[in-house]
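Asks: data.pdb is reproduced below (PDB, C-alpha atoms and all ligand atoms).
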ATOM      1  CA  MET A   1       0.000   0.000   0.000  1.00  0.00           C
ATOM      2  CA  ILE A   2       1.209   3.529  -0.836  1.00  0.00           C
ATOM      3  CA  ILE A   3      -0.174   6.586   0.927  1.00  0.00           C
ATOM      4  CA  PHE A   4       0.216   9.835  -1.020  1.00  0.00           C
ATOM      5  CA  LEU A   5       0.112  13.127   0.869  1.00  0.00           C
ATOM      6  CA  ILE A   6      -1.084  15.960  -1.332  1.00  0.00           C
ATOM      7  CA  GLY A   7      -1.868  19.630  -0.756  1.00  0.00           C
ATOM      8  CA  TYR A   8      -0.487  23.121  -1.118  1.00  0.00           C
ATOM      9  CA  MET A   9       3.103  24.179  -0.385  1.00  0.00           C
ATOM     10  CA  GLY A  10       3.513  24.660   3.349  1.00  0.00           C
ATOM     11  CA  ALA A  11       0.715  22.294   4.388  1.00  0.00           C
ATOM     12  CA  GLY A  12       3.217  20.072   6.227  1.00  0.00           C
ATOM     13  CA  LYS A  13       3.251  17.063   3.870  1.00  0.00           C
ATOM     14  CA  THR A  14       6.897  16.207   4.578  1.00  0.00           C
ATOM     15  CA  THR A  15       6.678  16.615   8.359  1.00  0.00           C
ATOM     16  CA  ARG A  16       3.409  14.671   8.613  1.00  0.00           C
ATOM     17  CA  GLY A  17       4.660  12.059   6.197  1.00  0.00           C
ATOM     18  CA  LYS A  18       7.694  11.289   8.369  1.00  0.00           C
ATOM     19  CA  GLN A  19       5.565  11.080  11.508  1.00  0.00           C
ATOM     20  CA  LEU A  20       2.935   8.817   9.920  1.00  0.00           C
ATOM     21  CA  ALA A  21       5.604   6.599   8.365  1.00  0.00           C
ATOM     22  CA  SER A  22       7.204   5.977  11.726  1.00  0.00           C
ATOM     23  CA  LEU A  23       3.820   5.298  13.407  1.00  0.00           C
ATOM     24  CA  LEU A  24       2.762   2.874  10.647  1.00  0.00           C
ATOM     25  CA  ASN A  25       6.204   1.378  10.195  1.00  0.00           C
ATOM     26  CA  TYR A  26       6.231   2.420   6.530  1.00  0.00           C
ATOM     27  CA  GLN A  27       9.168   3.812   4.567  1.00  0.00           C
ATOM     28  CA  PHE A  28       9.013   7.534   3.778  1.00  0.00           C
ATOM     29  CA  ILE A  29       9.813   9.217   0.466  1.00  0.00           C
ATOM     30  CA  ASP A  30       9.691  12.934  -0.234  1.00  0.00           C
ATOM     31  CA  LEU A  31       9.061  13.275  -3.977  1.00  0.00           C
ATOM     32  CA  ASP A  32      11.008  16.561  -4.311  1.00  0.00           C
ATOM     33  CA  GLU A  33      13.999  14.998  -2.569  1.00  0.00           C
ATOM     34  CA  TYR A  34      13.739  11.911  -4.799  1.00  0.00           C
ATOM     35  CA  ILE A  35      13.787  14.177  -7.883  1.00  0.00           C
ATOM     36  CA  GLU A  36      16.739  16.195  -6.546  1.00  0.00           C
ATOM     37  CA  ASN A  37      18.744  13.019  -5.899  1.00  0.00           C
ATOM     38  CA  LYS A  38      17.800  11.429  -9.183  1.00  0.00           C
ATOM     39  CA  TYR A  39      18.784  14.446 -11.296  1.00  0.00           C
ATOM     40  CA  LYS A  40      21.479  15.642  -8.852  1.00  0.00           C
ATOM     41  CA  THR A  41      19.977  19.126  -9.057  1.00  0.00           C
ATOM     42  CA  ALA A  42      18.084  21.321  -6.577  1.00  0.00           C
ATOM     43  CA  ILE A  43      14.437  22.083  -7.466  1.00  0.00           C
ATOM     44  CA  PRO A  44      14.994  25.863  -7.963  1.00  0.00           C
ATOM     45  CA  ILE A  45      17.843  25.109 -10.403  1.00  0.00           C
ATOM     46  CA  LEU A  46      15.651  22.629 -12.292  1.00  0.00           C
ATOM     47  CA  PHE A  47      13.016  25.369 -12.637  1.00  0.00           C
ATOM     48  CA  GLN A  48      15.696  27.747 -13.978  1.00  0.00           C
ATOM     49  CA  ARG A  49      17.068  25.231 -16.450  1.00  0.00           C
ATOM     50  CA  ILE A  50      13.968  23.517 -17.828  1.00  0.00           C
ATOM     51  CA  GLY A  51      11.133  25.746 -16.634  1.00  0.00           C
ATOM     52  CA  GLU A  52       8.040  24.690 -14.741  1.00  0.00           C
ATOM     53  CA  SER A  53       6.747  22.586 -17.638  1.00  0.00           C
ATOM     54  CA  GLY A  54      10.015  20.614 -17.780  1.00  0.00           C
ATOM     55  CA  PHE A  55       9.870  20.084 -14.023  1.00  0.00           C
ATOM     56  CA  ARG A  56       6.282  18.771 -14.273  1.00  0.00           C
ATOM     57  CA  LEU A  57       7.418  16.100 -16.733  1.00  0.00           C
ATOM     58  CA  LEU A  58      10.210  14.927 -14.414  1.00  0.00           C
ATOM     59  CA  GLU A  59       7.794  15.028 -11.490  1.00  0.00           C
ATOM     60  CA  LYS A  60       5.254  12.826 -13.293  1.00  0.00           C
ATOM     61  CA  LYS A  61       7.936  10.374 -14.431  1.00  0.00           C
ATOM     62  CA  SER A  62       9.447  10.167 -10.932  1.00  0.00           C
ATOM     63  CA  LEU A  63       6.052   9.613  -9.334  1.00  0.00           C
ATOM     64  CA  GLU A  64       5.337   6.756 -11.721  1.00  0.00           C
ATOM     65  CA  GLU A  65       8.633   5.082 -10.804  1.00  0.00           C
ATOM     66  CA  LEU A  66       7.435   4.789  -7.231  1.00  0.00           C
ATOM     67  CA  TYR A  67       4.070   3.090  -7.846  1.00  0.00           C
ATOM     68  CA  ALA A  68       5.531  -0.389  -7.478  1.00  0.00           C
ATOM     69  CA  LEU A  69       6.601   0.220  -3.871  1.00  0.00           C
ATOM     70  CA  GLN A  70       4.889  -1.317  -0.851  1.00  0.00           C
ATOM     71  CA  ASN A  71       4.252   0.122   2.626  1.00  0.00           C
ATOM     72  CA  THR A  72       5.400   3.592   1.675  1.00  0.00           C
ATOM     73  CA  ILE A  73       4.272   7.129   2.409  1.00  0.00           C
ATOM     74  CA  ILE A  74       5.053   9.611  -0.340  1.00  0.00           C
ATOM     75  CA  ALA A  75       4.939  13.347   0.367  1.00  0.00           C
ATOM     76  CA  THR A  76       4.338  14.926  -3.046  1.00  0.00           C
ATOM     77  CA  GLY A  77       5.181  18.488  -4.073  1.00  0.00           C
ATOM     78  CA  GLY A  78       2.286  20.959  -3.987  1.00  0.00           C
ATOM     79  CA  GLY A  79       1.735  20.858  -7.749  1.00  0.00           C
ATOM     80  CA  ALA A  80       2.152  17.118  -8.274  1.00  0.00           C
ATOM     81  CA  ALA A  81      -1.549  16.298  -7.910  1.00  0.00           C
ATOM     82  CA  CYS A  82      -2.574  19.132 -10.239  1.00  0.00           C
ATOM     83  CA  PHE A  83      -0.863  18.188 -13.518  1.00  0.00           C
ATOM     84  CA  PHE A  84      -1.530  15.493 -16.129  1.00  0.00           C
ATOM     85  CA  ASN A  85      -3.569  12.620 -14.733  1.00  0.00           C
ATOM     86  CA  ASN A  86      -1.404  12.334 -11.606  1.00  0.00           C
ATOM     87  CA  ILE A  87      -4.247  12.455  -9.097  1.00  0.00           C
ATOM     88  CA  GLU A  88      -6.145   9.683 -10.905  1.00  0.00           C
ATOM     89  CA  SER A  89      -3.042   7.519 -11.103  1.00  0.00           C
ATOM     90  CA  MET A  90      -2.215   8.105  -7.419  1.00  0.00           C
ATOM     91  CA  ASN A  91      -5.760   7.117  -6.529  1.00  0.00           C
ATOM     92  CA  SER A  92      -5.486   3.910  -8.495  1.00  0.00           C
ATOM     93  CA  ASN A  93      -2.086   3.056  -7.012  1.00  0.00           C
ATOM     94  CA  GLY A  94      -2.809   3.799  -3.369  1.00  0.00           C
ATOM     95  CA  ILE A  95      -4.649   6.135  -1.000  1.00  0.00           C
ATOM     96  CA  SER A  96      -4.364   9.900  -1.300  1.00  0.00           C
ATOM     97  CA  ILE A  97      -4.760  12.254   1.642  1.00  0.00           C
ATOM     98  CA  TYR A  98      -5.330  15.994   1.192  1.00  0.00           C
ATOM     99  CA  LEU A  99      -3.743  18.118   3.912  1.00  0.00           C
ATOM    100  CA  LYS A 100      -6.071  21.069   3.811  1.00  0.00           C
ATOM    101  CA  LEU A 101      -5.395  24.602   5.094  1.00  0.00           C
ATOM    102  CA  GLN A 102      -6.731  28.075   4.333  1.00  0.00           C
ATOM    103  CA  PRO A 103      -4.611  30.643   2.409  1.00  0.00           C
ATOM    104  CA  GLU A 104      -3.891  32.684   5.570  1.00  0.00           C
ATOM    105  CA  GLN A 105      -2.620  29.592   7.381  1.00  0.00           C
ATOM    106  CA  LEU A 106      -0.480  28.570   4.402  1.00  0.00           C
ATOM    107  CA  ALA A 107       0.978  32.073   4.034  1.00  0.00           C
ATOM    108  CA  ARG A 108       1.898  32.169   7.716  1.00  0.00           C
ATOM    109  CA  ARG A 109       3.718  28.861   7.472  1.00  0.00           C
ATOM    110  CA  LEU A 110       5.416  29.654   4.161  1.00  0.00           C
ATOM    111  CA  LEU A 111       6.769  32.946   5.481  1.00  0.00           C
ATOM    112  CA  GLN A 112       8.537  30.982   8.230  1.00  0.00           C
ATOM    113  CA  SER A 113       9.739  28.120   6.058  1.00  0.00           C
ATOM    114  CA  LYS A 114      13.365  27.729   4.986  1.00  0.00           C
ATOM    115  CA  LYS A 115      12.664  25.548   1.942  1.00  0.00           C
ATOM    116  CA  LYS A 116      13.409  27.305  -1.362  1.00  0.00           C
ATOM    117  CA  ARG A 117      10.272  27.418  -3.513  1.00  0.00           C
ATOM    118  CA  PRO A 118      10.747  28.966  -6.967  1.00  0.00           C
ATOM    119  CA  LEU A 119       7.042  29.709  -7.507  1.00  0.00           C
ATOM    120  CA  ILE A 120       6.863  32.026  -4.504  1.00  0.00           C
ATOM    121  CA  ALA A 121      10.411  33.360  -4.282  1.00  0.00           C
ATOM    122  CA  ASN A 122      10.655  37.116  -3.594  1.00  0.00           C
ATOM    123  CA  LYS A 123       6.965  37.698  -2.906  1.00  0.00           C
ATOM    124  CA  THR A 124       5.923  40.184  -0.239  1.00  0.00           C
ATOM    125  CA  PRO A 125       3.493  38.819   2.391  1.00  0.00           C
ATOM    126  CA  GLN A 126       0.628  40.588   0.588  1.00  0.00           C
ATOM    127  CA  GLN A 127       1.607  39.213  -2.821  1.00  0.00           C
ATOM    128  CA  LEU A 128       2.027  35.775  -1.280  1.00  0.00           C
ATOM    129  CA  ILE A 129      -1.456  35.634   0.161  1.00  0.00           C
ATOM    130  CA  SER A 130      -3.128  36.700  -3.072  1.00  0.00           C
ATOM    131  CA  TYR A 131      -0.990  34.239  -5.079  1.00  0.00           C
ATOM    132  CA  ILE A 132      -2.025  31.425  -2.743  1.00  0.00           C
ATOM    133  CA  ALA A 133      -5.706  32.370  -2.887  1.00  0.00           C
ATOM    134  CA  GLN A 134      -5.659  32.469  -6.691  1.00  0.00           C
ATOM    135  CA  THR A 135      -3.749  29.252  -7.293  1.00  0.00           C
ATOM    136  CA  LEU A 136      -5.570  27.324  -4.565  1.00  0.00           C
ATOM    137  CA  GLU A 137      -8.854  28.119  -6.267  1.00  0.00           C
ATOM    138  CA  HIS A 138      -7.632  26.121  -9.289  1.00  0.00           C
ATOM    139  CA  ARG A 139      -5.627  23.493  -7.423  1.00  0.00           C
ATOM    140  CA  LYS A 140      -8.395  22.564  -5.031  1.00  0.00           C
ATOM    141  CA  ASN A 141     -10.265  20.905  -7.922  1.00  0.00           C
ATOM    142  CA  PHE A 142      -7.470  18.342  -7.906  1.00  0.00           C
ATOM    143  CA  TYR A 143      -6.778  18.195  -4.172  1.00  0.00           C
ATOM    144  CA  GLU A 144     -10.456  17.527  -3.517  1.00  0.00           C
ATOM    145  CA  GLN A 145     -10.215  14.298  -5.500  1.00  0.00           C
ATOM    146  CA  ALA A 146      -8.231  12.789  -2.594  1.00  0.00           C
ATOM    147  CA  GLN A 147      -9.831   9.823  -0.858  1.00  0.00           C
ATOM    148  CA  LEU A 148      -9.299  11.448   2.549  1.00  0.00           C
ATOM    149  CA  THR A 149      -9.155  15.103   3.560  1.00  0.00           C
ATOM    150  CA  ILE A 150      -7.701  16.226   6.858  1.00  0.00           C
ATOM    151  CA  ASP A 151      -7.512  19.572   8.564  1.00  0.00           C
ATOM    152  CA  ALA A 152      -3.734  19.940   8.620  1.00  0.00           C
ATOM    153  CA  GLU A 153      -3.801  22.227  11.650  1.00  0.00           C
ATOM    154  CA  THR A 154      -6.201  20.457  13.998  1.00  0.00           C
ATOM    155  CA  ASP A 155      -6.312  16.753  13.049  1.00  0.00           C
ATOM    156  CA  ASN A 156      -3.723  14.675  14.862  1.00  0.00           C
ATOM    157  CA  ASN A 157      -1.911  11.624  13.509  1.00  0.00           C
ATOM    158  CA  GLN A 158      -4.073   9.214  15.492  1.00  0.00           C
ATOM    159  CA  LYS A 159      -7.181  10.611  13.844  1.00  0.00           C
ATOM    160  CA  ILE A 160      -5.595  10.239  10.396  1.00  0.00           C
ATOM    161  CA  ILE A 161      -4.688   6.618  11.101  1.00  0.00           C
ATOM    162  CA  GLU A 162      -8.261   5.880  12.264  1.00  0.00           C
ATOM    163  CA  SER A 163      -9.675   7.436   9.074  1.00  0.00           C
ATOM    164  CA  LEU A 164      -7.232   5.401   6.987  1.00  0.00           C
ATOM    165  CA  ASN A 165      -8.312   2.195   8.720  1.00  0.00           C
ATOM    166  CA  GLN A 166     -11.982   3.019   8.186  1.00  0.00           C
ATOM    167  CA  LEU A 167     -11.318   3.627   4.517  1.00  0.00           C
ATOM    168  CA  LYS A 168      -9.414   0.351   4.158  1.00  0.00           C
ATOM    169  CA  ASN A 169     -12.207  -1.573   5.926  1.00  0.00           C
ATOM    170  CA  SER A 170     -14.910  -0.064   3.749  1.00  0.00           C
ATOM    171  CA  GLU A 171     -12.920  -0.887   0.601  1.00  0.00           C
ATOM    172  CA  ASN A 172     -12.490  -4.494   1.753  1.00  0.00           C
ATOM    173  CA  ARG A 173     -16.184  -4.825   2.491  1.00  0.00           C
ATOM    174  CA  PHE A 174     -17.367  -3.389  -0.798  1.00  0.00           C
ATOM    175  CA  GLY A 175     -14.662  -4.919  -2.974  1.00  0.00           C
TER     176      GLY A 175
HETATM  177  C1  LIG B 201       5.606  23.181  -5.865  1.00  0.00           C
HETATM  178  C2  LIG B 201       5.793  22.735  -4.581  1.00  0.00           C
HETATM  179  C3  LIG B 201       7.106  22.329  -4.049  1.00  0.00           C
HETATM  180  C4  LIG B 201       8.020  21.846  -5.197  1.00  0.00           C
HETATM  181  C5  LIG B 201       8.096  22.871  -6.288  1.00  0.00           C
HETATM  182  C6  LIG B 201       6.713  23.235  -6.868  1.00  0.00           C
HETATM  183  C7  LIG B 201       4.238  23.589  -6.292  1.00  0.00           C
HETATM  184  O1  LIG B 201       6.944  21.310  -3.052  1.00  0.00           O
HETATM  185  O2  LIG B 201       7.539  20.623  -5.729  1.00  0.00           O
HETATM  186  O3  LIG B 201       8.710  24.013  -5.749  1.00  0.00           O
HETATM  187  O4  LIG B 201       3.983  23.689  -7.500  1.00  0.00           O
HETATM  188  O5  LIG B 201       3.370  23.766  -5.404  1.00  0.00           O
HETATM  189  P1  LIG B 201       6.280  21.587  -1.575  1.00  0.00           P
HETATM  190  O6  LIG B 201       4.799  21.462  -1.714  1.00  0.00           O
HETATM  191  O7  LIG B 201       6.869  20.507  -0.739  1.00  0.00           O
HETATM  192  O8  LIG B 201       6.723  22.943  -1.177  1.00  0.00           O
END
Output the structure of this file as structure tokens.
Ligand code: S3P

Replies:
Amino acid sequence: MIIFLIGYMGAGKTTRGKQLASLLNYQFIDLDEYIENKYKTAIPILFQRIGESGFRLLEKKSLEELYALQNTIIATGGGAACFFNNIESMNSNGISIYLKLQPEQLARRLLQSKKKRPLIANKTPQQLISYIAQTLEHRKNFYEQAQLTIDAETDNNQKIIESLNQLKNSENRFG
């Protein structure tokens, strides 16, 4: 079983992913880190060299390489679910969980984060919040296709694991 964590930049996919992996005894993979290791290049440099569209192709290809894994949690980058048919293919290769937060919450977290994110580099706090609001409006159409949605600020890991178990039981019962 693979569990895919999806959601906007700053929603805590990597942090949550590591915690859930250790509670479930699963291996953890961060898709951005996998891409950086595979191409020996940092994400912002990839964006500079091949543009966002080039990055999306590598992201899709890398994601597909991981579908054969077992007992793995994959934290995807914020755009991964929103391009090509990635959300459909994640859903058919495992369980997807949307870590949901509001634009204000995301902006607050992103302003404190040290990770370099080319799409939001050099934005003022005001520009950041309107960029998030705009892009989330489009991206949520994809994020909302996840099989589970959690409130990334208030839901704890135990609650997520219970919801996952309920989902697995209902899938077993109904085929
Ligand atoms: C992106 C999110 C980033 C990274 C890249 C593009 C996006 O990952 O994949 O900078 O399009 O939202 P995080 O969601 O881990 O920041």

Asks: I would like the residues chosen by the PyMOL selection byres (((not hetatm)) within 9 of (chain B and resi 201)) on the shown file; could you give them as a PyMOL selection string?

Replies: chain A and resi 6-14+30-32+43-44+47+52+55-56+59+75-80+82+110+115-120

Asks: As AutoDock Vina command-line options, please: the centre and edge lengths in Å, to one decimal, of an axis-aligned box enclosing every listed atom of segment 102-117 of chain A with 8 Å added on each side.

Replies:
--center_x 3.3 --center_y 29.2 --center_z 2.4 --size_x 36.1 --size_y 23.4 --size_z 27.7

Asks: From the set A:Gln147, A:Thr15, A:Leu66, A:Leu58, which residue has the shortest atom-to-atom contact distance to Asn91 of chain A, counting only C-alpha atoms?

Replies: A:Gln147

Asks: Mind giving me the straight-line distance from atom CA of Leu164 of chain A to atom CA of Leu148 of chain A in Å, one decimal?

Replies: 7.8 Å

Asks: Find the residues near Leu101 of chain A: any atom within 8 Å, counting all atoms listed in the file, skip ones fewer than 5 places away on the same chain, and give them as a list in words.

Replies: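 Returned residues: Ala11, Leu106, Asp151, Ala152 and Glu153 of chain A.
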
Asks: Kindly resolve the PyMOL selection byres (((chain A and resi 124-129) around 8) and not hetatm) on the present coordinates and return the residues as a ChimeraX atom specification.

Replies: /A:103-104,107,111,120,122-123,130-133

Asks: Taking 2 positions as the minimum chain separation for residues in the same chain, which residues sit within 8 Å of Thr72 of chain A when counting only C-alpha atoms? Answer as number ranges by chain.

Replies: A: 1-3, 21, 26-29, 69-70, 74

Asks: Write to file, as a JSON list (two decimals), in the frame of the given file, the residues of the selection just made, with C-alpha atoms.

Replies:
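Saved file part.json follows:
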[["chain", "number", "residue", "atom", "x", "y", "z"],
["A", 1, "MET", "CA", 0.00, 0.00, 0.00],
["A", 2, "ILE", "CA", 1.21, 3.53, -0.84],
["A", 3, "ILE", "CA", -0.17, 6.59, 0.93],
["A", 21, "ALA", "CA", 5.60, 6.60, 8.36],
["A", 26, "TYR", "CA", 6.23, 2.42, 6.53],
["A", 27, "GLN", "CA", 9.17, 3.81, 4.57],
["A", 28, "PHE", "CA", 9.01, 7.53, 3.78],
["A", 29, "ILE", "CA", 9.81, 9.22, 0.47],
["A", 69, "LEU", "CA", 6.60, 0.22, -3.87],
["A", 70, "GLN", "CA", 4.89, -1.32, -0.85],
["A", 74, "ILE", "CA", 5.05, 9.61, -0.34]]

Asks: For a test of reading the model, state the distance in Å between atom CA of Ile95 of chain A and atom CA of Leu5 of chain A, rounded to one decimal.

Replies: 8.7 Å

Asks: State, in Å with one decimal place, the distance from atom CA of Phe84 of chain A to atom CA of Ala42 of chain A.

Replies: 22.6 Å

Asks: Counting only C-alpha atoms, which residue out of A:Met90, A:Leu99, A:Ala121, A:Leu136 sits closest to Ile160 of chain A?

Replies: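 Answer, going by the shortest atom-to-atom distance: A:Leu99.
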
Asks: Between A:Gln48, A:Asn169, A:Ser62, A:Gln102, which has the minimum distance to Glu33 of chain A (counting all atoms listed in the file)?

Replies: A:Ser62

Asks: With distances taken over only C-alpha atoms, which residue among A:Ile45, A:Ile35, A:Gln158, A:Arg108 lies nearest Leu23 of chain A?

Replies: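 Smallest separation from Leu23 of chain A among the options: A:Gln158.
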
Asks: Name the residues in contact with Glu162 of chain A at a cut-off of 12 Å, using only C-alpha atoms, excluding same-chain residues fewer than 4 positions from it; report them as a compact mmCIF listing (two decimals) with C-alpha atoms, in the frame of the given file.

Replies:
# COMPACT_ATOMS: atom_id res chain seq x y z
CA LEU A 20 2.94 8.82 9.92
CA LEU A 24 2.76 2.87 10.65
CA LEU A 148 -9.30 11.45 2.55
CA ILE A 150 -7.70 16.23 6.86
CA ASP A 155 -6.31 16.75 13.05
CA ASN A 156 -3.72 14.68 14.86
CA ASN A 157 -1.91 11.62 13.51
CA GLN A 158 -4.07 9.21 15.49
CA GLN A 166 -11.98 3.02 8.19
CA LEU A 167 -11.32 3.63 4.52
CA LYS A 168 -9.41 0.35 4.16
CA ASN A 169 -12.21 -1.57 5.93

Asks: Between A:Asn71, A:Gln145, A:Ser53, A:Gln105, which has the minimum distance to Ser89 of chain A (counting all atoms listed in the file)?

Replies: A:Gln145

Asks: Could you get me a file of segment 74-85 of chain A with N, CA and C atoms, as a compact mmCIF listing (two decimals), in the first residue's frame, taken from the block above?

Replies:
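Written out: out_19.txt:
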# COMPACT_ATOMS: atom_id res chain seq x y z
N ILE A 74 4.39 8.67 0.56
CA ILE A 74 5.05 9.61 -0.34
C ILE A 74 4.48 11.01 -0.13
N ALA A 75 5.35 11.94 0.29
CA ALA A 75 4.94 13.35 0.37
C ALA A 75 5.20 13.94 -1.00
N THR A 76 4.17 14.38 -1.70
CA THR A 76 4.34 14.93 -3.05
C THR A 76 4.54 16.44 -2.96
N GLY A 77 5.09 17.03 -4.02
CA GLY A 77 5.18 18.49 -4.07
C GLY A 77 3.78 19.07 -4.30
N GLY A 78 3.61 20.35 -3.94
CA GLY A 78 2.29 20.96 -3.99
C GLY A 78 1.58 20.93 -5.34
N GLY A 79 2.37 20.86 -6.43
CA GLY A 79 1.73 20.86 -7.75
C GLY A 79 1.52 19.46 -8.31
N ALA A 80 2.13 18.46 -7.68
CA ALA A 80 2.15 17.12 -8.27
C ALA A 80 0.75 16.59 -8.60
N ALA A 81 -0.20 16.83 -7.70
CA ALA A 81 -1.55 16.30 -7.91
C ALA A 81 -2.30 17.04 -9.02
N CYS A 82 -1.78 18.21 -9.41
CA CYS A 82 -2.57 19.13 -10.24
C CYS A 82 -2.18 19.13 -11.71
N PHE A 83 -1.29 18.23 -12.12
CA PHE A 83 -0.86 18.19 -13.52
C PHE A 83 -1.09 16.80 -14.09
N PHE A 84 -1.29 16.75 -15.40
CA PHE A 84 -1.53 15.49 -16.13
C PHE A 84 -2.68 14.74 -15.42
N ASN A 85 -2.54 13.40 -15.43
CA ASN A 85 -3.57 12.62 -14.73
C ASN A 85 -3.03 12.10 -13.40
